[in-house]
$ cat data07.tsv   # TSV, C-alpha atoms
chain	number	residue	atom	x	y	z
T	276	MET	CA	49.88	33.05	144.77
T	277	ALA	CA	48.45	29.82	146.16
T	278	GLU	CA	47.38	27.16	143.70
T	279	LEU	CA	43.63	27.05	143.18
T	280	THR	CA	42.27	23.55	143.64
T	281	THR	CA	38.95	21.94	144.50
T	282	THR	CA	40.25	21.39	148.03
T	283	ASN	CA	40.81	25.06	148.82
T	284	SER	CA	38.09	26.68	146.66
T	285	ALA	CA	34.54	27.57	147.62
T	286	LYS	CA	31.88	24.94	147.02
T	287	ALA	CA	30.52	27.01	144.15
T	288	TRP	CA	33.63	25.99	142.21
T	289	SER	CA	33.35	22.30	142.98
T	290	PRO	CA	29.76	21.10	143.39
T	291	ASP	CA	29.38	17.75	145.12
T	292	GLN	CA	28.59	14.99	142.65
T	293	HIS	CA	27.88	11.34	143.36
T	294	THR	CA	27.33	8.51	140.92
T	295	PHE	CA	25.63	5.24	141.73
T	296	ALA	CA	25.13	1.98	139.88
T	297	PRO	CA	21.44	1.80	138.91
T	298	SER	CA	21.20	-1.72	140.31
T	299	ASP	CA	22.20	-0.33	143.73
T	300	VAL	CA	19.83	2.65	144.02
T	301	ILE	CA	16.90	1.81	141.71
T	302	PRO	CA	16.93	-2.00	141.44
T	303	ASP	CA	13.13	-2.05	141.09
T	304	ALA	CA	13.16	-0.23	137.74
T	305	LEU	CA	11.45	-2.48	135.18
T	306	ILE	CA	14.15	-1.92	132.57
T	307	LEU	CA	16.77	-3.39	134.91
T	308	GLN	CA	14.68	-6.46	135.70
T	309	THR	CA	13.07	-7.34	132.37
T	310	SER	CA	15.59	-6.52	129.65
T	311	LEU	CA	19.06	-7.55	128.53
T	312	ALA	CA	21.66	-4.87	129.28
T	313	VAL	CA	24.01	-4.40	126.35
T	314	GLY	CA	26.01	-1.31	127.22
T	315	SER	CA	26.21	2.25	128.43
T	316	ILE	CA	26.33	5.44	126.42
T	317	GLU	CA	26.24	9.22	126.94
T	318	GLY	CA	24.48	11.74	124.72
T	319	ASP	CA	21.27	11.92	122.69
T	320	GLU	CA	22.99	11.31	119.35
T	321	PRO	CA	25.17	8.19	119.87
T	322	VAL	CA	23.48	4.78	119.85
T	323	VAL	CA	24.45	1.27	120.91
T	324	ARG	CA	24.47	-1.08	117.91
T	325	VAL	CA	23.43	-4.61	118.81
T	326	ALA	CA	24.27	-7.34	116.30
T	327	TYR	CA	22.13	-10.47	116.00
T	328	LEU	CA	21.57	-13.33	113.55
T	329	ASP	CA	18.42	-14.41	111.75
T	330	ASP	CA	19.21	-18.11	111.53
T	331	ASP	CA	19.12	-19.98	108.24
T	332	SER	CA	17.69	-23.50	108.14
T	333	ALA	CA	19.67	-26.74	108.37
T	334	GLY	CA	18.68	-30.08	106.82
T	335	PHE	CA	19.70	-33.58	105.85
T	336	VAL	CA	22.21	-34.29	103.09
T	337	ALA	CA	23.08	-37.60	101.50
T	338	GLU	CA	26.36	-39.28	102.27
T	339	GLY	CA	29.11	-37.77	100.15
T	340	ALA	CA	26.79	-35.08	98.75
T	341	GLU	CA	27.66	-31.41	98.66
T	342	ILE	CA	26.43	-29.48	101.71
T	343	PRO	CA	24.68	-26.28	100.62
T	344	GLU	CA	25.98	-23.07	102.13
T	345	ALA	CA	23.84	-21.44	104.78
T	346	ASP	CA	23.06	-17.76	104.49
T	347	PRO	CA	22.11	-16.38	107.91
T	348	ASP	CA	21.08	-12.74	107.95
T	349	LEU	CA	23.53	-10.51	109.80
T	350	ALA	CA	21.22	-7.93	111.34
T	351	GLU	CA	21.40	-5.19	113.93
T	352	VAL	CA	19.16	-3.10	116.13
T	353	THR	CA	20.13	0.26	117.56
T	354	VAL	CA	19.45	1.44	121.10
T	355	ALA	CA	19.12	5.18	121.59
T	356	THR	CA	18.94	6.68	125.06
T	357	GLY	CA	17.24	9.60	126.73
T	358	LYS	CA	17.98	11.35	130.00
T	359	ILE	CA	15.46	11.83	132.78
T	360	ALA	CA	16.25	14.45	135.38
T	361	GLN	CA	14.91	16.13	138.48
T	362	LEU	CA	16.01	19.41	140.07
T	363	ILE	CA	15.04	20.24	143.65
T	364	ARG	CA	15.55	23.55	145.46
T	365	VAL	CA	15.72	23.40	149.23
T	366	SER	CA	16.54	26.17	151.69
T	367	ARG	CA	19.96	26.02	153.32
T	368	GLU	CA	18.32	25.80	156.75
T	369	GLN	CA	16.19	22.85	155.68
T	370	TRP	CA	19.18	21.17	154.03
T	371	LEU	CA	21.03	21.29	157.34
T	372	GLN	CA	18.21	19.58	159.25
T	373	GLN	CA	18.88	16.00	160.28
T	374	GLY	CA	17.27	13.51	157.91
T	375	THR	CA	16.61	15.94	155.07
T	376	SER	CA	19.20	14.49	152.69
T	377	GLY	CA	17.93	10.97	153.26
T	378	MET	CA	14.31	11.91	152.64
T	379	LEU	CA	15.26	13.83	149.50
T	380	SER	CA	17.26	10.84	148.25
T	381	GLU	CA	14.26	8.57	148.69
T	382	SER	CA	11.98	11.08	146.95
T	383	VAL	CA	14.36	11.35	144.00
T	384	ARG	CA	14.66	7.56	143.82
T	385	ARG	CA	10.89	7.15	143.61
T	386	ALA	CA	10.59	9.88	140.98
T	387	ILE	CA	13.27	8.33	138.78
T	388	ILE	CA	11.75	4.84	139.00
T	389	LYS	CA	8.29	6.18	138.13
T	390	ALA	CA	9.53	8.18	135.14
T	391	ALA	CA	11.75	5.35	133.93
T	392	ASN	CA	8.99	2.72	134.17
T	393	ASN	CA	6.52	4.92	132.29
T	394	ALA	CA	9.06	5.56	129.53
T	395	TYR	CA	10.16	1.92	129.31
T	396	ILE	CA	6.58	0.76	128.78
T	397	SER	CA	4.68	3.54	127.03
T	398	GLN	CA	6.97	6.31	125.74
T	399	ILE	CA	5.67	7.57	122.38
T	400	ALA	CA	8.10	6.94	119.53
T	401	PRO	CA	10.01	10.07	118.48
T	402	THR	CA	9.25	11.68	115.12
T	403	ALA	CA	12.06	11.11	112.61
T	404	PRO	CA	14.78	12.23	112.33
T	405	ALA	CA	14.72	12.40	116.14
T	406	ILE	CA	15.75	9.17	117.85
T	407	THR	CA	15.21	10.09	121.48
T	408	PRO	CA	13.54	9.60	123.85
T	409	PRO	CA	13.26	6.01	122.54
T	410	ALA	CA	9.88	4.36	122.16
T	411	GLY	CA	8.51	2.25	124.99
T	412	ILE	CA	8.13	-1.45	124.30
T	413	LEU	CA	4.36	-1.17	123.74
T	414	ASN	CA	4.96	1.38	120.97
T	415	ILE	CA	7.45	-0.66	118.93
T	416	ALA	CA	6.09	-2.32	115.82
T	417	GLY	CA	5.82	-6.10	115.72
T	418	ILE	CA	4.75	-7.03	119.24
T	419	VAL	CA	1.95	-9.59	119.40
T	420	ASP	CA	-1.64	-8.76	120.37
T	421	GLY	CA	-2.57	-11.67	122.62
T	422	GLY	CA	-6.23	-10.78	123.10
T	423	THR	CA	-8.34	-10.53	126.23
T	424	VAL	CA	-8.09	-12.63	129.39
T	425	GLY	CA	-11.39	-14.32	130.14
T	426	ALA	CA	-12.56	-16.46	133.03
T	427	ASP	CA	-9.39	-18.56	133.08
T	428	LEU	CA	-5.67	-18.37	132.32
T	429	ASP	CA	-5.85	-19.89	128.84
T	430	VAL	CA	-4.99	-16.65	127.01
T	431	ILE	CA	-1.90	-16.15	129.18
T	432	ALA	CA	-0.86	-19.75	128.52
T	433	ASP	CA	-1.33	-19.08	124.79
T	434	ALA	CA	0.92	-16.01	125.07
T	435	ILE	CA	3.68	-18.11	126.61
T	436	THR	CA	3.29	-20.64	123.82
T	437	THR	CA	3.42	-17.88	121.20
T	438	ILE	CA	6.76	-16.71	122.54
T	439	GLU	CA	8.11	-20.27	122.45
T	440	VAL	CA	6.82	-20.83	118.90
T	441	ASN	CA	8.67	-17.64	117.93
T	442	GLY	CA	11.92	-19.09	119.27
T	443	GLY	CA	12.00	-17.46	122.72
T	444	GLN	CA	11.40	-18.37	126.33
T	445	ALA	CA	8.94	-16.34	128.36
T	446	SER	CA	10.66	-14.92	131.45
T	447	HIS	CA	8.33	-12.32	133.02
T	448	ILE	CA	4.74	-11.18	133.24
T	449	LEU	CA	4.08	-7.47	133.80
T	450	ALA	CA	0.64	-6.42	134.94
T	451	ALA	CA	-1.22	-3.24	135.76
T	452	PRO	CA	-2.44	-3.31	139.38
T	453	ASP	CA	-6.08	-3.62	138.28
T	454	ALA	CA	-5.20	-6.39	135.84
T	455	TRP	CA	-3.51	-8.41	138.59
T	456	ASN	CA	-6.51	-7.78	140.81
T	457	THR	CA	-8.75	-9.23	138.09
T	458	ILE	CA	-6.52	-12.30	137.73
T	459	ARG	CA	-6.37	-13.08	141.43
T	460	LYS	CA	-10.16	-12.83	141.72
T	461	LEU	CA	-10.72	-15.54	139.09
T	462	LYS	CA	-12.66	-18.45	140.56
T	463	THR	CA	-12.16	-22.17	140.08
T	464	GLY	CA	-15.61	-22.51	138.55
T	465	THR	CA	-19.02	-20.95	138.06
T	466	GLY	CA	-20.69	-20.30	141.40
T	467	SER	CA	-17.50	-21.09	143.34
T	468	ASN	CA	-15.93	-18.76	145.88
T	469	ALA	CA	-12.56	-20.53	145.67
T	470	ALA	CA	-9.90	-18.39	144.01
T	471	LEU	CA	-8.09	-19.89	141.05
T	472	LEU	CA	-4.86	-18.51	142.52
T	473	GLY	CA	-3.98	-19.14	146.16
T	474	ALA	CA	-6.44	-20.42	148.74
T	475	GLY	CA	-8.33	-19.19	151.76
T	476	THR	CA	-7.25	-15.81	153.08
T	477	SER	CA	-3.66	-16.10	151.82
T	478	ASP	CA	-2.96	-13.70	148.98
T	479	ALA	CA	-1.97	-15.21	145.67
T	480	THR	CA	1.76	-15.55	145.11
T	481	ARG	CA	2.84	-13.09	142.43
T	482	GLN	CA	3.55	-15.86	139.98
T	483	LEU	CA	1.59	-17.22	137.04
T	484	LEU	CA	2.32	-20.44	135.17
T	485	ASP	CA	5.79	-20.57	136.78
T	486	LEU	CA	6.64	-17.00	135.68
T	487	PRO	CA	7.28	-14.11	138.10
T	488	VAL	CA	4.69	-11.33	137.99
T	489	ARG	CA	5.63	-7.66	138.43
T	490	THR	CA	2.84	-5.15	138.93
T	491	SER	CA	3.33	-1.50	138.05
T	492	PRO	CA	1.04	1.49	137.42
T	493	ALA	CA	3.24	2.13	134.36
T	494	ILE	CA	1.35	-0.67	132.60
T	495	PRO	CA	-1.79	0.73	130.89
T	496	GLU	CA	-5.11	0.11	132.66
T	497	GLY	CA	-6.11	-3.55	132.49
T	498	GLY	CA	-2.91	-4.44	130.66
T	499	ILE	CA	-0.67	-7.49	130.90
T	500	ILE	CA	2.62	-8.02	129.07
T	501	VAL	CA	4.22	-11.46	128.71
T	502	LEU	CA	7.80	-11.19	127.54
T	503	ASP	CA	11.15	-12.81	126.95
T	504	LYS	CA	13.71	-10.48	128.54
T	505	ASN	CA	16.31	-11.50	125.97
T	506	ALA	CA	14.08	-9.99	123.27
T	507	ILE	CA	14.51	-6.53	124.82
T	508	VAL	CA	17.93	-4.87	124.75
T	509	SER	CA	18.72	-1.86	126.89
T	510	ALA	CA	21.48	0.60	127.65
T	511	SER	CA	21.83	2.69	130.78
T	512	GLY	CA	24.39	4.80	132.58
T	513	ALA	CA	25.00	5.65	136.21
T	514	VAL	CA	22.51	7.51	138.34
T	515	THR	CA	24.15	10.88	139.05
T	516	VAL	CA	23.27	13.12	141.98
T	517	THR	CA	24.84	16.58	142.17
T	518	VAL	CA	24.55	19.07	145.03
T	519	ASP	CA	25.29	22.74	144.27
T	520	HIS	CA	25.30	25.42	146.99
T	521	SER	CA	25.53	28.33	144.54
T	522	ARG	CA	22.79	27.62	141.98
T	523	TYR	CA	20.24	29.49	144.12
T	524	PHE	CA	22.68	31.89	145.74
T	525	GLU	CA	20.18	34.77	145.91
T	526	TYR	CA	17.69	32.53	147.72
T	527	ASP	CA	20.19	31.06	150.19
T	528	SER	CA	19.09	27.65	148.92
T	529	VAL	CA	20.75	24.43	147.82
T	530	ALA	CA	20.18	22.72	144.46
T	531	VAL	CA	19.95	18.94	144.24
T	532	ARG	CA	19.95	17.48	140.75
T	533	ALA	CA	19.52	13.82	139.76
T	534	THR	CA	19.90	12.37	136.25
T	535	TRP	CA	19.73	8.93	134.64
T	536	ARG	CA	20.22	8.05	130.98
T	537	PHE	CA	18.71	4.87	129.58
T	538	GLY	CA	17.00	3.43	126.52
T	539	GLN	CA	15.55	0.24	125.09
T	540	ASN	CA	14.63	-1.47	121.84
T	541	LEU	CA	13.28	-4.84	120.71
T	542	VAL	CA	15.47	-7.35	118.92
T	543	ARG	CA	12.60	-9.83	118.63
T	544	PRO	CA	9.27	-7.98	118.95
T	545	GLU	CA	7.38	-11.21	118.24
T	546	ARG	CA	8.54	-12.44	121.66
T	547	VAL	CA	6.59	-9.73	123.49
T	548	VAL	CA	2.84	-10.31	123.87
T	549	SER	CA	0.40	-7.61	124.99
T	550	LEU	CA	-2.88	-8.67	126.65
T	551	THR	CA	-5.76	-6.96	128.37
T	552	THR	CA	-8.24	-7.94	131.04
T	553	ILE	CA	-10.77	-5.36	129.89
T	554	ALA	CA	-13.36	-6.83	127.53
T	555	GLU	CA	-14.08	-4.73	124.46
T	556	ASP	CA	-17.37	-2.85	124.70
T	557	THR	CA	-19.52	-4.12	121.86
T	558	GLU	CA	-22.51	-1.90	122.62
T	559	SER	CA	-23.16	0.89	120.15

$ encode --input "data07.tsv" --output "structure tokens"
Amino acid sequence: MAELTTTNSAKAWSPDQHTFAPSDVIPDALILQTSLAVGSIEGDEPVVRVAYLDDDSAGFVAEGAEIPEADPDLAEVTVATGKIAQLIRVSREQWLQQGTSGMLSESVRRAIIKAANNAYISQIAPTAPAITPPAGILNIAGIVDGGTVGADLDVIADAITTIEVNGGQASHILAAPDAWNTIRKLKTGTGSNAALLGAGTSDATRQLLDLPVRTSPAIPEGGIIVLDKNAIVSASGAVTVTVDHSRYFEYDSVAVRATWRFGQNLVRPERVVSLTTIAEDTES
């Protein structure tokens, strides 16, 4: 009897599977651009444990005097992960058409980025004892409410200062599309048609106060987030795409499945500032 191997068996016994580095196929995902990657993990139960120090103070001592012992706090934060997935069924005839696989790949890529961005920003925290899917950064206790942006950039400047006062260094600004639209329409003064950002018909560079600006519909309406990427720790695995020709055998169709596991947590929530460009309605 001949040896049964993946090379001489039907495809049903050896589905095609491909893995890709997230930075290669979904480099635009917010979690990859605005957080500190600390590891990779598989499964809903395991977590990545990230150690950090709460520094103790240092001070002057007299010559020859005893130096008091410092007592820094050895702390940790855990990063749980969740898996997003998409399953597509396509007829065998359509699968064989030129360009189909490429178009499906692009569709899957967009779907994964959209789901990942929404989860990274706004995922509701799981109810204990569940730990996954992990809470989005706006739903983690301790982030700073920076207030409402007015007719200038002062509140955003204050947010940057807040992060620095809290020991960090602001690295990115995330904005909802409508929030960025509000910012770039700010004028240099009352009655002026000159935009505060940019000039003439040239669109404003997506940069504020020397920080890069990323816009995403994952940010809540009117929202802006100023952050220090080193305050956010993340874990993610490879993007996996599997093609199975037997999953829909009775339909003569091909199954295409994509998965990506990732998660995030805040080491220093006080170095993430949430703002809004929507003034609170004070009318009763």

$ residues_around --input "data07.tsv" --residues "Ser380 in chain T" --least-positions-apart "3" --cutoff "10 Å" --atoms "all atoms listed in the file" --output "number ranges by chain"
T: 300, 375-377, 383-386, 516, 531, 533

$ write_last_selection --input "data07.tsv" --atoms "C-alpha atoms" --output "tab-separated table (two decimals), in the coordinates of the input"
chain	number	residue	atom	x	y	z
T	300	VAL	CA	19.83	2.65	144.02
T	375	THR	CA	16.61	15.94	155.07
T	376	SER	CA	19.20	14.49	152.69
T	377	GLY	CA	17.93	10.97	153.26
T	383	VAL	CA	14.36	11.35	144.00
T	384	ARG	CA	14.66	7.56	143.82
T	385	ARG	CA	10.89	7.15	143.61
T	386	ALA	CA	10.59	9.88	140.98
T	516	VAL	CA	23.27	13.12	141.98
T	531	VAL	CA	19.95	18.94	144.24
T	533	ALA	CA	19.52	13.82	139.76

$ residues_near_point --input "data07.tsv" --point "(18.0, 18.7, 138.4)" --cutoff "10 Å" --atoms "only C-alpha atoms" --output "list in words"
Ile359, Ala360, Gln361, Leu362, Ile363, Arg364, Val383, Thr515, Val516, Thr517, Val518, Ala530, Val531, Arg532, Ala533 and Thr534 of chain T

$ residues_around --input "data07.tsv" --residues "Thr407 in chain T" --least-positions-apart "4" --cutoff "12 Å" --atoms "only C-alpha atoms" --output "PyMOL selection string"
chain T and resi 318-322+353-359+394+398-403+411+536-540

$ closest_residue --input "data07.tsv" --among "T:Ala451, T:Ile342, T:Val547, T:Val488" --to "Ala434 in chain T" --atoms "only C-alpha atoms"
T:Val547

$ atom_distance --input "data07.tsv" --atom1 "CA of Ser446 in chain T" --atom2 "CA of Thr309 in chain T"
8.0 Å

$ residues_around --input "data07.tsv" --residues "Leu541 in chain T" --least-positions-apart "5" --cutoff "8 Å" --atoms "only C-alpha atoms" --output "PDB file with C-alpha atoms, in the coordinates of the input"
ATOM      1  CA  VAL T 352      19.160  -3.100 116.130  1.00  0.00           C
ATOM      2  CA  ILE T 412       8.130  -1.450 124.300  1.00  0.00           C
ATOM      3  CA  ILE T 415       7.450  -0.660 118.930  1.00  0.00           C
ATOM      4  CA  ALA T 506      14.080  -9.990 123.270  1.00  0.00           C
ATOM      5  CA  ILE T 507      14.510  -6.530 124.820  1.00  0.00           C
ATOM      6  CA  VAL T 508      17.930  -4.870 124.750  1.00  0.00           C
TER       7      VAL T 508
END

$ closest_residue --input "data07.tsv" --among "T:Leu486, T:Ile396, T:Val419, T:Ala410" --to "Ile448 in chain T" --atoms "only C-alpha atoms"
T:Leu486

$ atom_distance --input "data07.tsv" --atom1 "CA of Val365 in chain T" --atom2 "CA of Ser298 in chain T"
27.2 Å

$ closest_residue --input "data07.tsv" --among "T:Ala296, T:Ile418, T:Ala340, T:Met378" --to "Leu550 in chain T" --atoms "all atoms listed in the file"
T:Ile418

$ atom_distance --input "data07.tsv" --atom1 "CA of Asn441 in chain T" --atom2 "CA of Asn505 in chain T"
12.7 Å

$ residues_around --input "data07.tsv" --residues "Gly422 in chain T" --least-positions-apart "4" --cutoff "12 Å" --atoms "all atoms listed in the file" --output "VMD selection string"
chain T and resid 428 to 434 497 to 501 548 to 555

$ axis_aligned_box --input "data07.tsv" --around "range 307-325 of chain T" --padding-each-side "5 Å" --output "JSON"
{"center_x": 19.7, "center_y": 2.2, "center_z": 126.8, "size_x": 23.3, "size_y": 29.5, "size_z": 27.8}

$ closest_residue --input "data07.tsv" --among "T:Ile301, T:Val529, T:Ile438, T:Ala391" --to "Gly421 in chain T" --atoms "all atoms listed in the file"
T:Ile438

$ residues_around --input "data07.tsv" --residues "Ala326 in chain T" --least-positions-apart "4" --cutoff "8 Å" --atoms "all atoms listed in the file" --output "ChimeraX atom specification"
/T:349-352

$ residues_near_point --input "data07.tsv" --point "(-10.2, -15.1, 138.4)" --cutoff "7 Å" --atoms "only C-alpha atoms" --output "PDB file with C-alpha atoms, keeping the file's coordinate frame"
ATOM      1  CA  ALA T 426     -12.560 -16.460 133.030  1.00  0.00           C
ATOM      2  CA  ASP T 427      -9.390 -18.560 133.080  1.00  0.00           C
ATOM      3  CA  THR T 457      -8.750  -9.230 138.090  1.00  0.00           C
ATOM      4  CA  ILE T 458      -6.520 -12.300 137.730  1.00  0.00           C
ATOM      5  CA  ARG T 459      -6.370 -13.080 141.430  1.00  0.00           C
ATOM      6  CA  LYS T 460     -10.160 -12.830 141.720  1.00  0.00           C
ATOM      7  CA  LEU T 461     -10.720 -15.540 139.090  1.00  0.00           C
ATOM      8  CA  LYS T 462     -12.660 -18.450 140.560  1.00  0.00           C
ATOM      9  CA  ALA T 470      -9.900 -18.390 144.010  1.00  0.00           C
ATOM     10  CA  LEU T 471      -8.090 -19.890 141.050  1.00  0.00           C
TER      11      LEU T 471
END
